[in-house]
Amino acid sequence: MKLFILILISLALLTLTIYLLYRILDRIYDRRVAAYQNKLLKNEVDEVHNIYLTMRGWRHDYHNHMQSVKAYLAMNSLAEARAYLDALEHDLDDINLLFNTGNINADAILNSKISLAVKKGIQVDYKAVVPKALAVSDIDLCVVLGNLIDNAVEACEKVAPEKQFIRLYIGILQKQLYVSVSNATNEVVRKFDEEYITTKRGNHGHGLKRINNIVDKYGGFINRKNEPGVFVTEIMLPL
């Protein structure tokens, strides 16, 4: 009898040890993934931020550029004028200023991500207004917006080109920041639980986890809906 009890206790301790080890390893993995994504995102944010500031600087200097071109033309220096315009064109290459939300960090990530979606031929409808100051950190805001759009683009790429679409809306609702992203999908999901997130391998699965963690961090709200051909994510975060 004592031996049987000792075996049960040993099995219970072994089960508890395995469970605790699994939880520890899972947390270590999540932290490593988060650290890696934050590093990548920091580089990306810096890059698009610099591009956005360059674009704003070019617009600010627009009149000076025009005066230079006019001066070349007045001297009939067509080659110099053409070279000057070519240089300006190079500076603006691949820059598409779509957003002017009021928040420079939101503008940077949205212009970068949505411009890429448009380049891929995806039909994008968007409207965004973001306050300059938010309770959400710049990095966390970029994680949420970046992952939402990345996931939407990834889903669109799996359906026929003529059915691809993304609808983005960001604004103030009930004194909170409201974010809604709808996109085409060929997936049908009935239950949005931890199993759904963990079975999404690769960046998509990590992105879903990161979004959930940030929403939880700020005590926000997230809702995902999947109807035939459409996937919708709605998020509310404190201002």
# chains A, B, ... in the order shown; residues from 1 in each chain; ligands from 1
call {"tool": "residues_around", "arguments": {"residues": "stretch 132-148 of chain A", "least_positions_apart": "4", "cutoff": "8 Å", "atoms": "only C-alpha atoms", "output": "list in words"}}
result
Asn38, Leu41, Lys42, Val45, Gly102, Asn103, Ile104, Asn105, Ala106, Ile109, Leu110, Lys113, Ala152, Val181, His204, Gly207, Leu208, Arg210, Ile211, Ile214, Tyr218, Thr233, Leu237, Pro238 and Leu239 of chain A
call {"tool": "closest_residue", "arguments": {"among": "A:Val215, A:Ala87, A:Ala74, A:Ile170", "to": "A:Asp125", "atoms": "only C-alpha atoms"}}
result
A:Ile170
call {"tool": "residues_around", "arguments": {"residues": "A:Gln123", "least_positions_apart": "4", "cutoff": "8 Å", "atoms": "only C-alpha atoms", "output": "PDB file with C-alpha atoms, in the first residue's frame"}}
result
ATOM      1  CA  VAL A 118      -1.028  48.196 -53.299  1.00  0.00           C
ATOM      2  CA  GLN A 164      -8.227  40.231 -53.067  1.00  0.00           C
ATOM      3  CA  PHE A 165      -9.109  43.206 -50.854  1.00  0.00           C
ATOM      4  CA  ILE A 166      -8.133  44.901 -47.608  1.00  0.00           C
TER       5      ILE A 166
END
call {"tool": "atom_distance", "arguments": {"atom1": "atom CA of A:Lys225", "atom2": "atom CA of A:Val159"}}
result
17.9 Å
call {"tool": "atom_distance", "arguments": {"atom1": "atom CA of A:Pro131", "atom2": "atom CA of A:Arg167"}}
result
20.3 Å
call {"tool": "decode", "arguments": {"residues": "stretch 143-159 of chain A", "atoms": "N, CA, C and O atoms", "output": "short mmCIF file (atom, residue, chain, number, x, y, z; two decimals), in the first residue's frame"}}
result
data_model
loop_
_atom_site.label_atom_id
_atom_site.label_comp_id
_atom_site.auth_asym_id
_atom_site.auth_seq_id
_atom_site.Cartn_x
_atom_site.Cartn_y
_atom_site.Cartn_z
N VAL A 143 3.70 47.20 -33.77
CA VAL A 143 3.54 45.74 -33.75
C VAL A 143 2.12 45.36 -34.14
O VAL A 143 1.90 44.48 -34.98
N VAL A 144 1.15 46.04 -33.54
CA VAL A 144 -0.26 45.73 -33.81
C VAL A 144 -0.60 46.02 -35.27
O VAL A 144 -1.10 45.15 -36.00
N LEU A 145 -0.32 47.24 -35.72
CA LEU A 145 -0.67 47.62 -37.09
C LEU A 145 0.11 46.80 -38.11
O LEU A 145 -0.46 46.33 -39.11
N GLY A 146 1.40 46.61 -37.87
CA GLY A 146 2.23 45.86 -38.81
C GLY A 146 1.78 44.42 -38.96
O GLY A 146 1.66 43.91 -40.08
N ASN A 147 1.50 43.76 -37.85
CA ASN A 147 1.07 42.36 -37.90
C ASN A 147 -0.32 42.22 -38.51
O ASN A 147 -0.58 41.28 -39.26
N LEU A 148 -1.22 43.15 -38.19
CA LEU A 148 -2.57 43.09 -38.77
C LEU A 148 -2.50 43.17 -40.30
O LEU A 148 -3.15 42.38 -41.00
N ILE A 149 -1.72 44.12 -40.80
CA ILE A 149 -1.64 44.28 -42.25
C ILE A 149 -0.87 43.15 -42.90
O ILE A 149 -1.25 42.65 -43.97
N ASP A 150 0.21 42.71 -42.25
CA ASP A 150 0.98 41.57 -42.79
C ASP A 150 0.08 40.33 -42.92
O ASP A 150 0.13 39.62 -43.93
N ASN A 151 -0.71 40.06 -41.90
CA ASN A 151 -1.60 38.91 -41.93
C ASN A 151 -2.67 39.06 -43.01
O ASN A 151 -3.04 38.09 -43.68
N ALA A 152 -3.17 40.29 -43.18
CA ALA A 152 -4.19 40.54 -44.20
C ALA A 152 -3.60 40.32 -45.60
O ALA A 152 -4.25 39.71 -46.47
N VAL A 153 -2.39 40.82 -45.83
CA VAL A 153 -1.73 40.62 -47.12
C VAL A 153 -1.47 39.14 -47.37
O VAL A 153 -1.72 38.63 -48.47
N GLU A 154 -0.99 38.44 -46.35
CA GLU A 154 -0.72 37.01 -46.48
C GLU A 154 -1.99 36.24 -46.84
O GLU A 154 -1.97 35.34 -47.70
N ALA A 155 -3.11 36.59 -46.21
CA ALA A 155 -4.38 35.92 -46.51
C ALA A 155 -4.84 36.22 -47.94
O ALA A 155 -5.32 35.33 -48.64
N CYS A 156 -4.68 37.48 -48.36
CA CYS A 156 -5.09 37.86 -49.72
C CYS A 156 -4.30 37.10 -50.78
O CYS A 156 -4.84 36.76 -51.85
N GLU A 157 -3.04 36.86 -50.52
CA GLU A 157 -2.19 36.19 -51.50
C GLU A 157 -2.60 34.75 -51.74
O GLU A 157 -2.16 34.13 -52.71
N LYS A 158 -3.48 34.22 -50.88
CA LYS A 158 -3.92 32.83 -51.02
C LYS A 158 -5.26 32.71 -51.76
O LYS A 158 -5.77 31.61 -51.91
N VAL A 159 -5.82 33.86 -52.17
CA VAL A 159 -7.08 33.82 -52.93
C VAL A 159 -6.83 34.38 -54.33
O VAL A 159 -5.77 34.95 -54.61
#
